[in-house]
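*Asks:* This is the structure I have questions about; it appears just below.
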Amino acid sequence: MNPTDQKWPRLAAAVRRAPDPRDPAAPYGFATRVAALALAQERAVASLFERFSWRALSVAGLLAAVCLASNYSTLVSAFQNDAVSVDDPVSEIVDIAS
Amino acid sequence: MPEDESFDLVGCLDRVRQRDQSAARDLVEHLYPLVIRIIRAHLPRRVAEEDLAQDIFLKMFTRLEQYQGAVPFPHWVSRIAVTTCIDQLRAQKRRPEFRWADLSENEADVLDAVLTNENDVEAGDALAARELVHKLLAQLKPDDRMVIQLLDLEQKTIAEISGLTGWSQSLVKVRAFRARRKLQKLFKELEQKEHS
């Protein structure tokens with residue numbers, strides 16, 4: 001490294017020699033505030049999830065009930081038809097056999 | 001690293017995971033000197049260091065469940081602090097031109113001593129030297145600035161910088177080379193301006 005390249009290393013060395021005079025301790029109340037914020041933040045996220053979960057469950061239940069109600073007659077008739085189906089190949093075979 | 005060797009970090013972390021607020025407070029107090037040293041080293045005085053420290057600690061608490069213990073906890077927190085500082089530096093897009101006229105008398109004396117290569121920078125001018133370095137480093141790209149700060153001012157190794165920033169060792173070397181070249185160019189320009 002030629003002498004002209006020594007400028008930055010000299011300046012960096014001067015800075016390294018200088019201790020930072022500022023106090024490294026946390027200012028009064030800082031730790032309490034941050035700890036409270038951090039735990040409140042976690043609780044807020046958890047309660048948000050909880051609230052949305054319950055809401056989603058109730059909406060899903062309501063939709064299922066509406067679907068069931070609107071298709072009730074179709075479902076009942078389908079079951080009844082299934083019970084005594086004339087077109088049922090198995091019952092037809094049984095009929096022939098008897 | 002935090003100085004208080006008697007601090008029961010493992011026990012404290014366990015209590016924080018059980019949402020113990022006093023443990024969270026103790027953890028912040030224990031790690032504050034480490035975090036504030038990183039912030040002060042990388043950011044100029046005008047940045048609100050307390051706000052940034054708060055951001056770093058909130059990130060630490062949010063990601064606490066991700067900490068697996070592969071590295072010591074203070075190193076893990078240092079990495080969060082360093083990456084948050086890089087984000088802050090990137091957000092400060094404006095890099096004002098470096099001018100002699102903007103320097104204080106002490107800063108100009110320090111720069112003069114460095115440029116003329118005649119006198120050593122006096123111990124009394126250390127604070128001015130620190131401010132001058134911040135102004136010079138503000139001329140670099142944020143990533144280059146971070147590397148040169150860690151390498152030349154904090155005397156970390158390439159491997160340590162790679163661990164702190166998450167960049168590969170060759171990328172760290174490239175950034176250091178680029179930063180030093182830019183600083184040399186800057187010193188040359190300042191010399192020319194001084195003589196003109």
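Starting from 1 in every chain, residues are counted up; chains themselves are A, B, ... following the order of the structure tokens, and ligands are numbered from 1 as listed.
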Using only C-alpha atoms and a cut-off of 9 Å, which residues of chain A sit close to chain B? Please list them as a PyMOL selection string.

*Replies:* chain A and resi 3-21+23-27+30-39+41-42

*Asks:* Filtering to N, CA and C atoms, could you give me those residues as an mmCIF file, in the first residue's frame?

*Replies:*
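To be explicit, this is the file written out as result15.cif:
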```cif
data_model
loop_
_atom_site.group_PDB
_atom_site.id
_atom_site.type_symbol
_atom_site.label_atom_id
_atom_site.label_comp_id
_atom_site.auth_asym_id
_atom_site.auth_seq_id
_atom_site.Cartn_x
_atom_site.Cartn_y
_atom_site.Cartn_z
ATOM 1 N N PRO A 3 1.858 5.400 0.331
ATOM 2 C CA PRO A 3 1.500 6.338 1.409
ATOM 3 C C PRO A 3 0.147 7.021 1.205
ATOM 4 N N THR A 4 -0.230 7.260 -0.042
ATOM 5 C CA THR A 4 -1.508 7.948 -0.258
ATOM 6 C C THR A 4 -2.694 7.071 0.139
ATOM 7 N N ASP A 5 -2.441 5.754 0.212
ATOM 8 C CA ASP A 5 -3.529 4.856 0.607
ATOM 9 C C ASP A 5 -3.702 4.767 2.120
ATOM 10 N N GLN A 6 -2.830 5.454 2.855
ATOM 11 C CA GLN A 6 -2.856 5.348 4.322
ATOM 12 C C GLN A 6 -3.852 6.300 4.982
ATOM 13 N N LYS A 7 -4.517 7.109 4.189
ATOM 14 C CA LYS A 7 -5.404 8.123 4.787
ATOM 15 C C LYS A 7 -6.563 7.490 5.545
ATOM 16 N N TRP A 8 -7.249 6.605 4.887
ATOM 17 C CA TRP A 8 -8.395 5.963 5.535
ATOM 18 C C TRP A 8 -7.956 5.124 6.747
ATOM 19 N N PRO A 9 -6.908 4.278 6.623
ATOM 20 C CA PRO A 9 -6.480 3.520 7.806
ATOM 21 C C PRO A 9 -6.105 4.423 8.988
ATOM 22 N N ARG A 10 -5.482 5.579 8.709
ATOM 23 C CA ARG A 10 -5.101 6.483 9.810
ATOM 24 C C ARG A 10 -6.333 7.079 10.485
ATOM 25 N N LEU A 11 -7.278 7.462 9.643
ATOM 26 C CA LEU A 11 -8.511 8.038 10.202
ATOM 27 C C LEU A 11 -9.288 6.974 10.996
ATOM 28 N N ALA A 12 -9.354 5.778 10.445
ATOM 29 C CA ALA A 12 -10.062 4.683 11.125
ATOM 30 C C ALA A 12 -9.392 4.366 12.463
ATOM 31 N N ALA A 13 -8.050 4.393 12.472
ATOM 32 C CA ALA A 13 -7.323 4.116 13.716
ATOM 33 C C ALA A 13 -7.618 5.190 14.764
ATOM 34 N N ALA A 14 -7.710 6.443 14.313
ATOM 35 C CA ALA A 14 -8.018 7.538 15.251
ATOM 36 C C ALA A 14 -9.403 7.338 15.875
ATOM 37 N N VAL A 15 -10.353 6.900 15.055
ATOM 38 C CA VAL A 15 -11.716 6.677 15.570
ATOM 39 C C VAL A 15 -11.725 5.503 16.543
ATOM 40 N N ARG A 16 -10.956 4.477 16.234
ATOM 41 C CA ARG A 16 -10.919 3.290 17.119
ATOM 42 C C ARG A 16 -10.340 3.643 18.486
ATOM 43 N N ARG A 17 -9.431 4.608 18.497
ATOM 44 C CA ARG A 17 -8.802 4.999 19.766
ATOM 45 C C ARG A 17 -9.767 5.775 20.661
ATOM 46 N N ALA A 18 -10.808 6.325 20.021
ATOM 47 C CA ALA A 18 -11.710 7.199 20.781
ATOM 48 C C ALA A 18 -12.872 6.412 21.369
ATOM 49 N N PRO A 19 -12.938 6.356 22.691
ATOM 50 C CA PRO A 19 -14.102 5.681 23.272
ATOM 51 C C PRO A 19 -15.349 6.555 23.100
ATOM 52 N N ASP A 20 -16.477 5.900 22.888
ATOM 53 C CA ASP A 20 -17.731 6.642 22.752
ATOM 54 C C ASP A 20 -18.145 7.136 24.142
ATOM 55 N N PRO A 21 -18.247 8.463 24.318
ATOM 56 C CA PRO A 21 -18.537 8.977 25.665
ATOM 57 C C PRO A 21 -19.989 8.776 26.099
ATOM 58 N N ASP A 23 -23.497 7.146 27.300
ATOM 59 C CA ASP A 23 -23.846 6.077 28.243
ATOM 60 C C ASP A 23 -24.528 4.916 27.494
ATOM 61 N N PRO A 24 -24.006 3.683 27.651
ATOM 62 C CA PRO A 24 -24.642 2.564 26.926
ATOM 63 C C PRO A 24 -25.837 1.946 27.652
ATOM 64 N N ALA A 25 -26.161 2.458 28.854
ATOM 65 C CA ALA A 25 -27.285 1.849 29.606
ATOM 66 C C ALA A 25 -28.617 2.320 29.037
ATOM 67 N N ALA A 26 -29.624 1.486 29.229
ATOM 68 C CA ALA A 26 -30.965 1.819 28.711
ATOM 69 C C ALA A 26 -31.515 3.028 29.460
ATOM 70 N N PRO A 27 -32.161 3.968 28.743
ATOM 71 C CA PRO A 27 -32.758 5.111 29.431
ATOM 72 C C PRO A 27 -33.875 4.653 30.375
ATOM 73 N N PHE A 30 -37.262 2.653 29.495
ATOM 74 C CA PHE A 30 -37.216 2.068 28.139
ATOM 75 C C PHE A 30 -37.558 0.568 28.162
ATOM 76 N N ALA A 31 -36.872 -0.167 29.058
ATOM 77 C CA ALA A 31 -37.059 -1.623 29.095
ATOM 78 C C ALA A 31 -38.504 -1.980 29.465
ATOM 79 N N THR A 32 -39.080 -1.250 30.413
ATOM 80 C CA THR A 32 -40.468 -1.522 30.828
ATOM 81 C C THR A 32 -41.413 -1.293 29.654
ATOM 82 N N ARG A 33 -41.204 -0.179 28.959
ATOM 83 C CA ARG A 33 -42.087 0.152 27.829
ATOM 84 C C ARG A 33 -41.987 -0.906 26.726
ATOM 85 N N VAL A 34 -40.764 -1.275 26.375
ATOM 86 C CA VAL A 34 -40.563 -2.238 25.277
ATOM 87 C C VAL A 34 -41.126 -3.612 25.662
ATOM 88 N N ALA A 35 -40.886 -4.021 26.911
ATOM 89 C CA ALA A 35 -41.394 -5.330 27.356
ATOM 90 C C ALA A 35 -42.922 -5.349 27.304
ATOM 91 N N ALA A 36 -43.553 -4.272 27.766
ATOM 92 C CA ALA A 36 -45.019 -4.203 27.749
ATOM 93 C C ALA A 36 -45.533 -4.216 26.310
ATOM 94 N N LEU A 37 -44.875 -3.438 25.443
ATOM 95 C CA LEU A 37 -45.279 -3.392 24.030
ATOM 96 C C LEU A 37 -45.167 -4.763 23.375
ATOM 97 N N ALA A 38 -44.039 -5.434 23.648
ATOM 98 C CA ALA A 38 -43.785 -6.731 23.007
ATOM 99 C C ALA A 38 -44.837 -7.755 23.431
ATOM 100 N N LEU A 39 -45.135 -7.814 24.711
ATOM 101 C CA LEU A 39 -46.105 -8.814 25.171
ATOM 102 C C LEU A 39 -47.523 -8.443 24.734
ATOM 103 N N GLN A 41 -48.253 -6.885 22.015
ATOM 104 C CA GLN A 41 -48.277 -7.182 20.575
ATOM 105 C C GLN A 41 -48.595 -8.669 20.359
ATOM 106 N N GLU A 42 -47.932 -9.529 21.124
ATOM 107 C CA GLU A 42 -48.164 -10.977 21.002
ATOM 108 C C GLU A 42 -49.611 -11.310 21.330
#
```

*Asks:* Stretch 30-96 of chain B: which residues are helix (DSSP H, G or I) by DSSP, as a VMD selection string?

*Replies:* chain B and resid 30 to 42 49 to 62 64 to 66 73 to 91

*Asks:* Can you work out the spacing between atom CA of B:Cys85 and atom CA of B:Ile38 in Å, to one decimal?

*Replies:*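 Atom CA of B:Cys85 sits 8.2 Å away from atom CA of B:Ile38.
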
*Asks:* Write out as a CSV table (one decimal) with N, CA and C atoms, in the first residue's frame each polymer residue whose atoms come within 10 Å of B:Gly166, counting only C-alpha atoms; drop sequence neighbours fewer than 5 positions from it.

*Replies:*
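Saved file selection.csv follows:
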```csv
chain,number,residue,atom,x,y,z
B,79,ARG,N,-27.3,-9.9,15.0
B,79,ARG,CA,-27.7,-10.0,13.5
B,79,ARG,C,-28.9,-9.2,13.2
B,83,THR,N,-29.0,-6.1,10.6
B,83,THR,CA,-29.8,-6.0,9.4
B,83,THR,C,-30.9,-4.9,9.5
B,160,GLU,N,-16.8,-13.2,10.4
B,160,GLU,CA,-17.8,-12.6,11.4
B,160,GLU,C,-18.8,-11.7,10.7
B,161,ILE,N,-18.3,-10.9,9.7
B,161,ILE,CA,-19.2,-10.0,9.0
B,161,ILE,C,-20.2,-10.8,8.2
B,172,VAL,N,-18.6,-10.0,0.8
B,172,VAL,CA,-18.1,-9.0,1.8
B,172,VAL,C,-16.8,-8.4,1.3
```

*Asks:* Neighbours of B:Ile86 within 12 Å (only C-alpha atoms; same-chain residues fewer than 5 positions away dropped), as a list in words?

*Replies:*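 Near neighbours after the sequence-gap exclusion: Ile38, Ile39, Ala41, His42, Leu43, Leu52, Arg79, Ile80, Ala81, Ala91, Gln92, Lys93, Lys141, Pro142, Asp143, Asp144, Arg145, Met146, Val147, Gln149, Leu164, Thr165 and Gly166 of chain B.
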
*Asks:* Restrict the selected residues to C-alpha atoms and save them as a PDB file, in the first residue's frame.

*Replies:*
```pdb
ATOM      1  CA  ILE B  38     -24.307  -1.362  17.075  1.00  0.00           C
ATOM      2  CA  ILE B  39     -26.795   1.422  16.353  1.00  0.00           C
ATOM      3  CA  ALA B  41     -21.570   2.659  15.307  1.00  0.00           C
ATOM      4  CA  HIS B  42     -23.576   2.478  12.117  1.00  0.00           C
ATOM      5  CA  LEU B  43     -25.943   5.398  12.145  1.00  0.00           C
ATOM      6  CA  LEU B  52     -34.463   2.096  16.324  1.00  0.00           C
ATOM      7  CA  ARG B  79     -27.654  -9.991  13.548  1.00  0.00           C
ATOM      8  CA  ILE B  80     -31.162  -8.555  13.946  1.00  0.00           C
ATOM      9  CA  ALA B  81     -29.603  -5.213  14.964  1.00  0.00           C
ATOM     10  CA  ALA B  91     -34.111   4.042   3.660  1.00  0.00           C
ATOM     11  CA  GLN B  92     -31.901   7.139   3.924  1.00  0.00           C
ATOM     12  CA  LYS B  93     -31.464   7.400   0.183  1.00  0.00           C
ATOM     13  CA  LYS B 141     -23.665   2.714  -0.614  1.00  0.00           C
ATOM     14  CA  PRO B 142     -25.371   1.383   2.541  1.00  0.00           C
ATOM     15  CA  ASP B 143     -24.091  -2.179   2.128  1.00  0.00           C
ATOM     16  CA  ASP B 144     -20.512  -1.041   1.394  1.00  0.00           C
ATOM     17  CA  ARG B 145     -20.686   1.308   4.343  1.00  0.00           C
ATOM     18  CA  MET B 146     -21.789  -1.467   6.673  1.00  0.00           C
ATOM     19  CA  VAL B 147     -18.917  -3.712   5.566  1.00  0.00           C
ATOM     20  CA  GLN B 149     -17.543  -0.041   9.306  1.00  0.00           C
ATOM     21  CA  LEU B 164     -23.691 -10.967  10.965  1.00  0.00           C
ATOM     22  CA  THR B 165     -25.005  -9.819   7.609  1.00  0.00           C
ATOM     23  CA  GLY B 166     -25.846 -13.136   5.966  1.00  0.00           C
TER      24      GLY B 166
END
```

*Asks:* What's the separation between atom CA of B:His75 and atom CA of B:Gly163, in Å to one decimal place?

*Replies:*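 Computing the Euclidean distance for atom CA of B:His75 and atom CA of B:Gly163 yields 9.0 Å.
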
*Asks:* Give me the residues within 12 Å of B:Ala101 as a list of chain:residue names, counting only C-alpha atoms and dropping any in the same chain fewer than 5 places off.

*Replies:* B:Glu107, B:Ala108, B:Leu190, B:Lys193, B:Glu194

*Asks:* Dump N, CA and C atoms for the selected residues as a CSV table (one decimal), in the first residue's frame?

*Replies:*
```
chain,number,residue,atom,x,y,z
B,107,GLU,N,-13.4,19.1,12.8
B,107,GLU,CA,-13.5,18.1,11.7
B,107,GLU,C,-12.6,18.5,10.6
B,108,ALA,N,-12.5,19.8,10.2
B,108,ALA,CA,-11.6,20.2,9.1
B,108,ALA,C,-10.2,20.0,9.5
B,190,LEU,N,-10.9,15.6,-2.3
B,190,LEU,CA,-10.8,16.6,-1.2
B,190,LEU,C,-9.5,17.3,-1.2
B,193,LYS,N,-9.5,19.8,-3.9
B,193,LYS,CA,-10.3,21.0,-3.5
B,193,LYS,C,-9.6,21.9,-2.5
B,194,GLU,N,-8.8,21.2,-1.7
B,194,GLU,CA,-8.1,21.9,-0.6
B,194,GLU,C,-7.0,22.8,-1.3
```

*Asks:* From the options B:Arg63, B:Glu191, B:Glu49, B:Val77, which residue's atoms come nearest to B:Asp112, counting only C-alpha atoms?

*Replies:*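 Closest to B:Asp112, using only C-alpha atoms: B:Glu191.
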